[in-house]
Structures are given as structure tokens and as C-alpha cells.
Amino acid sequence: MAQRVVLAVDEGTTNSKAVVVNRDGAILASASTPVASHHPQSGWVEQNADQIWTSTVDAIENCISKAGAVEIVAIGISNQRESILLWDRKTGLALGPVITWQCRRTALACEKLKAEGREVDIIARTGLPIDPLFPATKIGWLLKNHGKDSAAEDICIGTVDAWLIWNFSGGLIHATDRSNAARTQLFNLSGLQWDSHLCGLFGVSESMLPDVRDSSGSFGTTKNVSGLADGIPIAAAIGDSHAALFGHGAFIPGDGKITFGTGSSIMATVPEFVAPPPGVTTTIAWSLEGVPTYAFEGNILVSASILPWTADLLGLSDVDALLEMARSVETSLDVQLVPAHVGLGSPHWNSAARGLISGLSFGAGQPHIARAACESIALQVHDVFEIIEPSFETGIGRLYVDGGPSGNSFLMSMVADYLDHPVITRQATEASALGAAYLAGLAVGFWPDLDALLALKDETVCIEPSMDEETRSRRLLAWKEALARSTLGT
């Protein structure tokens with residue numbers, strides 16, 4: 001007899017992943033397919049919409065073939081956030097590229113909006129500062145360069161989840177969830193609807209935008225998808241960082257998580273919508289039965305992706321070789337590597353900053369640069385953490401880590417040390433996929449409630465900080481000096 005399961009799709013920046021989860025919350029099988037990024041100009045990052053879809057289908061087919069005899073009761077989607085595209089409502093063909101969250105092509109448009117004094121109002125409405133990370137200015141660019149020959153009623157605008165839902169449903173459903181809508185800079189977080197004032201400001205017709213729904217619920221059913229039967233409920237959609245927070249069971253205000261990937265997201269739940277502290281954002285973590293859960297978040301643009309770049313710079317074979325080299329020394333000898341290769345995200349929000357290596361001496365060598373690259377991941381997290389933590393009377397509570405690097409104790413010990421706060425690792429690092437699966441399962445009754453999900457949690461390990469305060473303070477000061485150098489002239 002086929003085992004009943006939930007299929008989760010985690011469409012990320014570098015790959016599309018499919019995961020099959022059973023009723024016990026165990027991952028029975030997983031598969032991934034790479035997704036290429038293109039850099040047509042300095043600071044520009046884009047992807048191909050068709051490749052995102054075909055890679056998703058390929059990952060699903062491979063995953064199901066590994067899982068054996070299963071009955072898929074629901075599909076949940078988690079997705080790279082802030083990446084945006086247009087497509088033709090009649091043909092389903094993409095209009096131009098997917099402009100990814102890393103892309104800085106609208107930096108000048110953002111600076112113009114800031115100069116006009118728009119930022120305070122935009123933050124009050126959306127919880128988001130003006131920055132090229134967010135899709136609103138990117139949508140304007142796409143409409144100008146790829147949508148000018150189409151009538152407004154024929155254009156669909158969507159984040160990657162909406163594009164996947166459209167294709168899963170055979171072009172019948174144009175929808176997103178509140179967590180993804182909240183990242184567009186067009187969604188009013190207190191009114192829980194598209195903001196007509198902001199749509200006007202950014203030149204977007206509301207008719208182009210997707211229907212906004214709960215993160216767990218109905219997004220149609222599958223139709224004409226290779227490898228899948230027709231009629232499977234598409235039962236969840238949520239941004240990948242939000243999905244990870246949900247997957248960890250961080251349901252108590254003050255609980256948080258750090259997701260490590262190409263970039264990083266530091267997020268902690270808050271009881272209600274409030275304007276964020278300077279340098280971070282307020283967002284909708286997820287929405288259940290019409291009720292949103294809010295969170296503070298800081299977004300780091302270049303995180304684990306600095307590791308393969310540095311390995312290549314040093315002529316090493318791969319990231320494992322880089323990590324081995326970094327572990328061979330106890331400190332970086334004050335060498336600092338600031339990975340501002342596409343600017344700095346939270347809490348600095350400086351799109352003109354650029355990467356640098358500083359603090360070199362004749363005593364420093366390749367191992368110290370390697371260690372500085374590793375430490376830059378933790379140091380950037382610290383910068384966000386010190387903004388968010390004072391917002392909670394008792395500080396941040398349980399702090400989970402996920403994503404590929406979270407399985408590396410060397411890197412996670414650095415995070416605990418620089419935060420001076422324990423971090424909790426899980427045996428299953430696929431928190432985003434699990435979060436999407438849990439939300440989809442809730443929608444169809446596969447799991448009855450949140451308590452049932454909390455009972456599924458797997459083995460965890462708590463990593464305690466061990467760095468003394470004097471060392472931490474000295475290294476943080478050197479890091480801040482390097483950050484200042486990376487922004488000189490901006």
C-alpha cells in the first residue's frame with residue numbers, strides 16, 4: 001500500500017529542491033536540480049523563468065522516484081523571496097527575466113525615492129526600507145523594459161511562488177501568500193491588502209497582482225504537470241525564510257532562527273505589527289485562518305556564497321578544503337573579509353558598498369584569509385542580532401539555525417561566539433522544505449494542529465558560546481572598522 005505523504009518544493013536561488021515528508025515528519029526522499037544565475041552587468045542578477053519551472057519538475061520527478069510507493073496528499077511551496085517576474089496571462093510565457101533578490105539594477109531609482117523623502121511612509125505601510133532588494137522598483141523596470149507592448153490586463157506579476165502556482169495549476173490560479181506579498185513593498189501590513197497608494201507610486205496596476213491568501217490553504221490543484229497526477233491540492237505557499245521559522249516551531253514571540261544560504265535571514269517572531277528598529281524590517285512570517293504572525297527580520301546579501309568564492313580566490317579545490325584551511329589557525333590575525341560584493345544588506349542597506357580584504361600583515365597568509373571568510377558569516381549575523389535583540393524585554397529566546405552551513409559545527413560555533421547566545425541545530429537541515437510541508441499538511445488535515453507539528457520535532461543540539469568578552473569585543477571592533485572602509489566614498 002502506498003504511504004501517504006506531503007510533497008514540499010523548496011525553490012531556492014541556486015537550486016530547486018523537492019522533499020517528500022511522511023506523517024511522522026520524516027524526510028523519506030529528496031532531490032535537487034541546479035538553477036543558473038546570469039550577470040549581464042555589474043550588480044545585475046537574473047534567472048530564466050522557464051528554467052526555474054523545469055528544474056522544479058525535474059527535482060520532483062527524481063524525488064518521487066526515490067520515495068517509492070507514495071500517495072501525495074498535498075503540495076507545499078517555499079521559495080526564494082523578492083525575486084520577481086512578469087508573464088503573459090494568455091500564453092503563460094515569461095516577459096523578460098526573473099530579476100532576483102540579489103540584483104541591484106534599481107539602485108538609482110531607490111536613491112531617487114529616498115531623496116524625495118518617501119522612505120518613512122513606505123516603512124510605515126510595509127515595514128520595509130527603500131532598497132533594490134525589494135521587488136517594487138524591479139517591477140517598474142520590468143514593466144518599462146518588457147511589459148510596454150502588453151495590455152495591463154494581460155500581464156501577471158508574481159514572486160517565484162506565484163509563478164510555480166500558475167504552472168502547477170495549469171495556468172488557472174494567479175495567487176501568492178501573505179508572507180511573499182509582504183516582501184514586495186506593495187502590500188500594506190496593517191491593512192493586509194495591496195496598497196493602492198504604493199501601487200500608484202510604483203506605477204503598478206492592481207489587476208496585474210496576484211490574489212493574496214493564507215500561507216496554509218487552497219491554491220488550486222495540479223493540472224498537466226509531468227510526474228504528478230491531476231487534482232493534487234496545492235495547499236501552501238510561503239517564503240523560504242518564513243518557512244524555516246515555521247518549520248522550527250518558533251511560535252512563541254521572541255523565538256528566532258538564522259537561515260544560511262546564498263544570503264542569510266535572521267528572523268524572530270513578534271506579537272503584532274510594529275514599525276521595525278532602524279536597519280531591519282518587519283514582515284509577515286505566515287498567515288493561518290486569516291490571522292498573520294509578524295516577525296522582525298534582517299537580510300544579509302552574501303553569506304555562505306562567500307565560501308566558494310574565497311576557495312576559488314585561494315586556488316583551493318572546494319569549500320571543504322577552505323574550511324579545513326580555516327580550522328588550521330585559531331584566529332584570522334585581524335584579517336577581515338567584508339563580503340559586500342553586491343552591496344550590504346541589513347542593517348547597513350548600502351547598495352554602493354563593495355567587498356574588501358583588510359588587516360593584512362606579513363604574518364597573515366592564506367589560512368587567515370580563509371578564516372576571515374568564515375568569520376564574515378557570523379559577524380554579519382551579529383550586526384543584525386544586535387539590532388533585533390533589544391526589542392524583546394527578555395532578549396531573543398530559542399535561536400535555531402538551518403540551511404547547509406548549519407550542519408558545520410565549526411561555522412556554527414563562530415555564530416554562537418559572536419552572538420554570545422546559544423544556537424540550536426537540528427538533525428534535519430531542510431527547515432524551509434519542512435515548513436512548507438507542515439503548512440500544506442495542516443491545510444488538508446494531514447496534521448490536525450500546531451501541537452501535532454511540535455511533537456514532530458527531531459533531535460537537536462545546542463551549541464553554547466565559548467569566546468571571552470574581551471576577545472569578542474576586540475574582534476567586533478576590527479570588523480566594524482573594516483565595514484567602514486568598505487563604504488568609503490559611498
# chains A, B, ... in the order shown; residues from 1 in each chain; ligands from 1
$ residues_around --residues "stretch 74-81 of chain A" --least-positions-apart "6" --cutoff "6 Å" --atoms "only C-alpha atoms" --output "PyMOL selection string"
chain A and resi 6-13+161+232-240+436-437+440
$ residues_around --residues "stretch 277-281 of chain A" --least-positions-apart "6" --cutoff "8 Å" --atoms "only C-alpha atoms" --output "list in words"
Gly127, Leu128, Pro129, Phe296, Glu297, Gly298, Asn299, Ser346, Pro347, His348, Trp349, Val384, Ile387, Ile388 and Ser391 of chain A
$ residues_around --residues "A:His174" --least-positions-apart "2" --cutoff "10 Å" --atoms "only C-alpha atoms" --output "ChimeraX atom specification"
/A:89,156-158,161-167,169,171-172,176,208-212,219-220
$ write_last_selection --atoms "C-alpha atoms" --output "mmCIF file, in the first residue's frame"
data_model
loop_
_atom_site.group_PDB
_atom_site.id
_atom_site.type_symbol
_atom_site.label_atom_id
_atom_site.label_comp_id
_atom_site.auth_asym_id
_atom_site.auth_seq_id
_atom_site.Cartn_x
_atom_site.Cartn_y
_atom_site.Cartn_z
ATOM 1 C CA ARG A 89 -1.806 35.864 -18.758
ATOM 2 C CA CYS A 156 0.693 38.794 -14.453
ATOM 3 C CA ILE A 157 3.183 39.956 -11.827
ATOM 4 C CA GLY A 158 4.448 37.453 -9.337
ATOM 5 C CA ASP A 161 5.786 31.097 -5.594
ATOM 6 C CA ALA A 162 3.109 32.688 -7.798
ATOM 7 C CA TRP A 163 4.932 31.516 -10.932
ATOM 8 C CA LEU A 164 5.062 27.951 -9.584
ATOM 9 C CA ILE A 165 1.400 28.011 -8.531
ATOM 10 C CA TRP A 166 0.447 29.239 -12.003
ATOM 11 C CA ASN A 167 2.315 26.358 -13.630
ATOM 12 C CA SER A 169 -2.406 24.703 -11.691
ATOM 13 C CA GLY A 171 -2.451 28.485 -15.646
ATOM 14 C CA LEU A 172 -5.701 28.651 -13.682
ATOM 15 C CA THR A 176 0.509 34.258 -3.577
ATOM 16 C CA MET A 208 -1.621 42.623 -12.526
ATOM 17 C CA LEU A 209 -1.011 41.446 -8.976
ATOM 18 C CA PRO A 210 -1.865 38.001 -7.605
ATOM 19 C CA ASP A 211 -4.673 37.163 -5.221
ATOM 20 C CA VAL A 212 -3.281 37.123 -1.656
ATOM 21 C CA PHE A 219 -4.040 27.409 -4.148
ATOM 22 C CA GLY A 220 -5.848 25.188 -6.626
#
$ select_by_dssp --residues "stretch 24-255 of chain A" --states "alpha helix (DSSP H)" --output "PyMOL selection string"
chain A and resi 49-67+107-115+119-126+135-146+160-168+178-181+196-202+240-247
$ residues_around --residues "A:Thr106" --least-positions-apart "4" --cutoff "10 Å" --atoms "only C-alpha atoms" --output "PyMOL selection string"
chain A and resi 43-44+110-111+131-141+351
$ write_last_selection --atoms "N, CA and C atoms" --output "mmCIF file, in the first residue's frame"
data_model
loop_
_atom_site.group_PDB
_atom_site.id
_atom_site.type_symbol
_atom_site.label_atom_id
_atom_site.label_comp_id
_atom_site.auth_asym_id
_atom_site.auth_seq_id
_atom_site.Cartn_x
_atom_site.Cartn_y
_atom_site.Cartn_z
ATOM 1 N N GLY A 43 26.504 44.054 -10.830
ATOM 2 C CA GLY A 43 25.432 44.258 -9.866
ATOM 3 C C GLY A 43 24.081 43.730 -10.298
ATOM 4 N N TRP A 44 23.972 43.284 -11.556
ATOM 5 C CA TRP A 44 22.705 42.731 -12.050
ATOM 6 C C TRP A 44 22.729 41.209 -11.877
ATOM 7 N N CYS A 110 15.976 53.727 -6.384
ATOM 8 C CA CYS A 110 15.796 53.740 -4.933
ATOM 9 C C CYS A 110 16.353 55.017 -4.320
ATOM 10 N N GLU A 111 17.521 55.432 -4.782
ATOM 11 C CA GLU A 111 18.105 56.670 -4.259
ATOM 12 C C GLU A 111 17.214 57.871 -4.557
ATOM 13 N N ASP A 131 15.148 49.861 -0.836
ATOM 14 C CA ASP A 131 16.382 49.185 -1.211
ATOM 15 C C ASP A 131 16.112 48.348 -2.452
ATOM 16 N N PRO A 132 17.115 48.185 -3.329
ATOM 17 C CA PRO A 132 16.919 47.359 -4.534
ATOM 18 C C PRO A 132 16.559 45.911 -4.233
ATOM 19 N N LEU A 133 16.786 45.449 -2.999
ATOM 20 C CA LEU A 133 16.401 44.083 -2.645
ATOM 21 C C LEU A 133 14.924 43.819 -2.905
ATOM 22 N N PHE A 134 14.081 44.809 -2.637
ATOM 23 C CA PHE A 134 12.637 44.582 -2.666
ATOM 24 C C PHE A 134 12.062 44.812 -4.065
ATOM 25 N N PRO A 135 11.001 44.075 -4.421
ATOM 26 C CA PRO A 135 10.569 43.999 -5.821
ATOM 27 C C PRO A 135 9.920 45.247 -6.418
ATOM 28 N N ALA A 136 9.412 46.180 -5.624
ATOM 29 C CA ALA A 136 8.593 47.252 -6.191
ATOM 30 C C ALA A 136 9.305 48.001 -7.316
ATOM 31 N N THR A 137 10.557 48.407 -7.099
ATOM 32 C CA THR A 137 11.276 49.126 -8.162
ATOM 33 C C THR A 137 11.651 48.198 -9.307
ATOM 34 N N LYS A 138 11.866 46.923 -9.003
ATOM 35 C CA LYS A 138 12.174 45.956 -10.056
ATOM 36 C C LYS A 138 10.974 45.755 -10.980
ATOM 37 N N ILE A 139 9.785 45.752 -10.387
ATOM 38 C CA ILE A 139 8.571 45.631 -11.205
ATOM 39 C C ILE A 139 8.488 46.788 -12.188
ATOM 40 N N GLY A 140 8.782 47.987 -11.715
ATOM 41 C CA GLY A 140 8.784 49.151 -12.605
ATOM 42 C C GLY A 140 9.749 48.979 -13.756
ATOM 43 N N TRP A 141 10.938 48.437 -13.457
ATOM 44 C CA TRP A 141 11.934 48.202 -14.507
ATOM 45 C C TRP A 141 11.418 47.187 -15.511
ATOM 46 N N SER A 351 23.850 49.955 -0.956
ATOM 47 C CA SER A 351 23.999 49.227 -2.218
ATOM 48 C C SER A 351 25.304 49.562 -2.935
#
$ closest_residue --among "A:Glu71, A:Asp417, A:Glu430, A:Glu393" --to "A:Gly247" --atoms "only C-alpha atoms"
A:Glu430
$ atom_distance --atom1 "atom CA of A:Leu301" --atom2 "atom CA of A:Leu488"
18.9 Å
$ residues_around --residues "stretch 242-245 of chain A" --least-positions-apart "5" --cutoff "7 Å" --atoms "only C-alpha atoms" --output "PDB file with C-alpha atoms, in the first residue's frame"
ATOM      1  CA  SER A  78       8.647  27.579  -0.241  1.00  0.00           C
ATOM      2  CA  ALA A 250       9.171  29.147  16.550  1.00  0.00           C
ATOM      3  CA  GLY A 256      14.001  33.077  16.158  1.00  0.00           C
ATOM      4  CA  LYS A 257      16.116  31.413  13.526  1.00  0.00           C
ATOM      5  CA  ALA A 285       6.025  35.420   8.996  1.00  0.00           C
ATOM      6  CA  TRP A 286       2.948  33.397   7.971  1.00  0.00           C
ATOM      7  CA  ALA A 431      13.780  23.587   7.623  1.00  0.00           C
ATOM      8  CA  SER A 432      12.280  25.573   4.711  1.00  0.00           C
ATOM      9  CA  GLY A 435       7.868  24.322   6.984  1.00  0.00           C
ATOM     10  CA  ALA A 436       6.162  24.250   3.593  1.00  0.00           C
TER      11      ALA A 436
END
$ residues_around --residues "A:Leu288" --least-positions-apart "4" --cutoff "7 Å" --atoms "only C-alpha atoms" --output "MDAnalysis selection string"
chainID A and resid 214:216 292
$ select_by_dssp --residues "stretch 330-366 of chain A" --states "strand (DSSP E or B)" --output "NGL selection string"
:A and (336-338 or 341 or 343-344 or 350 or 356-358)
$ closest_residue --among "A:Thr14, A:Asn350, A:Ser361, A:Ser241" --to "A:Leu333" --atoms "only C-alpha atoms"
A:Ser361
$ decode --residues "stretch 216-249 of chain A" --atoms "N, CA and C atoms" --output "PDB file, in the first residue's frame"
ATOM      1  N   SER A 216      -1.338  28.714   4.488  1.00  0.00           N
ATOM      2  CA  SER A 216      -1.858  27.346   4.501  1.00  0.00           C
ATOM      3  C   SER A 216      -3.314  27.396   4.056  1.00  0.00           C
ATOM      4  N   GLY A 217      -3.625  26.760   2.921  1.00  0.00           N
ATOM      5  CA  GLY A 217      -4.980  26.824   2.396  1.00  0.00           C
ATOM      6  C   GLY A 217      -5.035  26.322   0.971  1.00  0.00           C
ATOM      7  N   SER A 218      -5.952  26.859   0.201  1.00  0.00           N
ATOM      8  CA  SER A 218      -6.158  26.374  -1.168  1.00  0.00           C
ATOM      9  C   SER A 218      -5.506  27.299  -2.189  1.00  0.00           C
ATOM     10  N   PHE A 219      -4.630  26.721  -3.004  1.00  0.00           N
ATOM     11  CA  PHE A 219      -4.040  27.409  -4.148  1.00  0.00           C
ATOM     12  C   PHE A 219      -4.321  26.615  -5.422  1.00  0.00           C
ATOM     13  N   GLY A 220      -5.474  25.969  -5.464  1.00  0.00           N
ATOM     14  CA  GLY A 220      -5.848  25.188  -6.626  1.00  0.00           C
ATOM     15  C   GLY A 220      -5.335  23.762  -6.539  1.00  0.00           C
ATOM     16  N   THR A 221      -5.391  23.075  -7.656  1.00  0.00           N
ATOM     17  CA  THR A 221      -4.914  21.688  -7.736  1.00  0.00           C
ATOM     18  C   THR A 221      -4.038  21.523  -8.969  1.00  0.00           C
ATOM     19  N   THR A 222      -3.268  20.464  -8.979  1.00  0.00           N
ATOM     20  CA  THR A 222      -2.341  20.232 -10.083  1.00  0.00           C
ATOM     21  C   THR A 222      -3.085  19.904 -11.372  1.00  0.00           C
ATOM     22  N   LYS A 223      -2.507  20.347 -12.477  1.00  0.00           N
ATOM     23  CA  LYS A 223      -3.080  20.056 -13.794  1.00  0.00           C
ATOM     24  C   LYS A 223      -1.952  20.010 -14.822  1.00  0.00           C
ATOM     25  N   ASN A 224      -1.827  18.874 -15.477  1.00  0.00           N
ATOM     26  CA  ASN A 224      -0.867  18.692 -16.579  1.00  0.00           C
ATOM     27  C   ASN A 224       0.577  18.950 -16.153  1.00  0.00           C
ATOM     28  N   VAL A 225       0.948  18.424 -14.985  1.00  0.00           N
ATOM     29  CA  VAL A 225       2.328  18.547 -14.504  1.00  0.00           C
ATOM     30  C   VAL A 225       3.004  17.189 -14.654  1.00  0.00           C
ATOM     31  N   SER A 226       4.111  17.169 -15.370  1.00  0.00           N
ATOM     32  CA  SER A 226       4.833  15.923 -15.594  1.00  0.00           C
ATOM     33  C   SER A 226       5.236  15.284 -14.262  1.00  0.00           C
ATOM     34  N   GLY A 227       4.924  13.999 -14.119  1.00  0.00           N
ATOM     35  CA  GLY A 227       5.299  13.278 -12.910  1.00  0.00           C
ATOM     36  C   GLY A 227       4.290  13.331 -11.793  1.00  0.00           C
ATOM     37  N   LEU A 228       3.242  14.152 -11.933  1.00  0.00           N
ATOM     38  CA  LEU A 228       2.222  14.289 -10.890  1.00  0.00           C
ATOM     39  C   LEU A 228       0.836  14.018 -11.461  1.00  0.00           C
ATOM     40  N   ALA A 229      -0.003  13.401 -10.655  1.00  0.00           N
ATOM     41  CA  ALA A 229      -1.394  13.201 -11.043  1.00  0.00           C
ATOM     42  C   ALA A 229      -2.132  14.537 -11.009  1.00  0.00           C
ATOM     43  N   ASP A 230      -3.145  14.680 -11.809  1.00  0.00           N
ATOM     44  CA  ASP A 230      -4.008  15.855 -11.733  1.00  0.00           C
ATOM     45  C   ASP A 230      -4.818  15.807 -10.441  1.00  0.00           C
ATOM     46  N   GLY A 231      -5.148  16.997  -9.939  1.00  0.00           N
ATOM     47  CA  GLY A 231      -6.056  17.085  -8.804  1.00  0.00           C
ATOM     48  C   GLY A 231      -5.414  17.063  -7.432  1.00  0.00           C
ATOM     49  N   ILE A 232      -4.074  17.056  -7.342  1.00  0.00           N
ATOM     50  CA  ILE A 232      -3.422  17.114  -6.026  1.00  0.00           C
ATOM     51  C   ILE A 232      -3.539  18.544  -5.482  1.00  0.00           C
ATOM     52  N   PRO A 233      -4.013  18.716  -4.249  1.00  0.00           N
ATOM     53  CA  PRO A 233      -4.139  20.070  -3.700  1.00  0.00           C
ATOM     54  C   PRO A 233      -2.793  20.788  -3.580  1.00  0.00           C
ATOM     55  N   ILE A 234      -2.741  21.996  -4.115  1.00  0.00           N
ATOM     56  CA  ILE A 234      -1.611  22.898  -3.855  1.00  0.00           C
ATOM     57  C   ILE A 234      -2.026  23.656  -2.605  1.00  0.00           C
ATOM     58  N   ALA A 235      -1.457  23.293  -1.451  1.00  0.00           N
ATOM     59  CA  ALA A 235      -2.075  23.655  -0.175  1.00  0.00           C
ATOM     60  C   ALA A 235      -1.257  24.612   0.680  1.00  0.00           C
ATOM     61  N   ALA A 236      -0.111  25.057   0.197  1.00  0.00           N
ATOM     62  CA  ALA A 236       0.679  26.009   0.975  1.00  0.00           C
ATOM     63  C   ALA A 236       1.640  26.753   0.076  1.00  0.00           C
ATOM     64  N   ALA A 237       1.882  28.006   0.419  1.00  0.00           N
ATOM     65  CA  ALA A 237       2.918  28.822  -0.214  1.00  0.00           C
ATOM     66  C   ALA A 237       3.471  29.746   0.858  1.00  0.00           C
ATOM     67  N   ILE A 238       4.782  29.885   0.881  1.00  0.00           N
ATOM     68  CA  ILE A 238       5.413  30.709   1.904  1.00  0.00           C
ATOM     69  C   ILE A 238       6.851  30.990   1.481  1.00  0.00           C
ATOM     70  N   GLY A 239       7.354  32.173   1.796  1.00  0.00           N
ATOM     71  CA  GLY A 239       8.744  32.486   1.522  1.00  0.00           C
ATOM     72  C   GLY A 239       9.673  31.557   2.280  1.00  0.00           C
ATOM     73  N   ASP A 240      10.828  31.260   1.695  1.00  0.00           N
ATOM     74  CA  ASP A 240      11.692  30.230   2.278  1.00  0.00           C
ATOM     75  C   ASP A 240      12.154  30.543   3.688  1.00  0.00           C
ATOM     76  N   SER A 241      12.476  31.796   3.959  1.00  0.00           N
ATOM     77  CA  SER A 241      12.931  32.137   5.303  1.00  0.00           C
ATOM     78  C   SER A 241      11.799  31.993   6.318  1.00  0.00           C
ATOM     79  N   HIS A 242      10.615  32.393   5.930  1.00  0.00           N
ATOM     80  CA  HIS A 242       9.437  32.254   6.790  1.00  0.00           C
ATOM     81  C   HIS A 242       9.126  30.778   7.024  1.00  0.00           C
ATOM     82  N   ALA A 243       9.261  29.989   5.950  1.00  0.00           N
ATOM     83  CA  ALA A 243       9.009  28.552   6.058  1.00  0.00           C
ATOM     84  C   ALA A 243       9.952  27.915   7.065  1.00  0.00           C
ATOM     85  N   ALA A 244      11.208  28.350   7.071  1.00  0.00           N
ATOM     86  CA  ALA A 244      12.169  27.799   8.028  1.00  0.00           C
ATOM     87  C   ALA A 244      11.762  28.134   9.455  1.00  0.00           C
ATOM     88  N   LEU A 245      11.334  29.356   9.692  1.00  0.00           N
ATOM     89  CA  LEU A 245      10.885  29.756  11.027  1.00  0.00           C
ATOM     90  C   LEU A 245       9.717  28.879  11.470  1.00  0.00           C
ATOM     91  N   PHE A 246       8.769  28.641  10.568  1.00  0.00           N
ATOM     92  CA  PHE A 246       7.625  27.794  10.879  1.00  0.00           C
ATOM     93  C   PHE A 246       8.072  26.352  11.095  1.00  0.00           C
ATOM     94  N   GLY A 247       8.988  25.889  10.262  1.00  0.00           N
ATOM     95  CA  GLY A 247       9.466  24.519  10.374  1.00  0.00           C
ATOM     96  C   GLY A 247      10.148  24.243  11.698  1.00  0.00           C
ATOM     97  N   HIS A 248      10.752  25.264  12.295  1.00  0.00           N
ATOM     98  CA  HIS A 248      11.393  25.100  13.594  1.00  0.00           C
ATOM     99  C   HIS A 248      10.379  25.120  14.740  1.00  0.00           C
ATOM    100  N   GLY A 249       9.145  25.505  14.461  1.00  0.00           N
ATOM    101  CA  GLY A 249       8.163  25.621  15.532  1.00  0.00           C
ATOM    102  C   GLY A 249       8.400  26.839  16.404  1.00  0.00           C
TER     103      GLY A 249
END
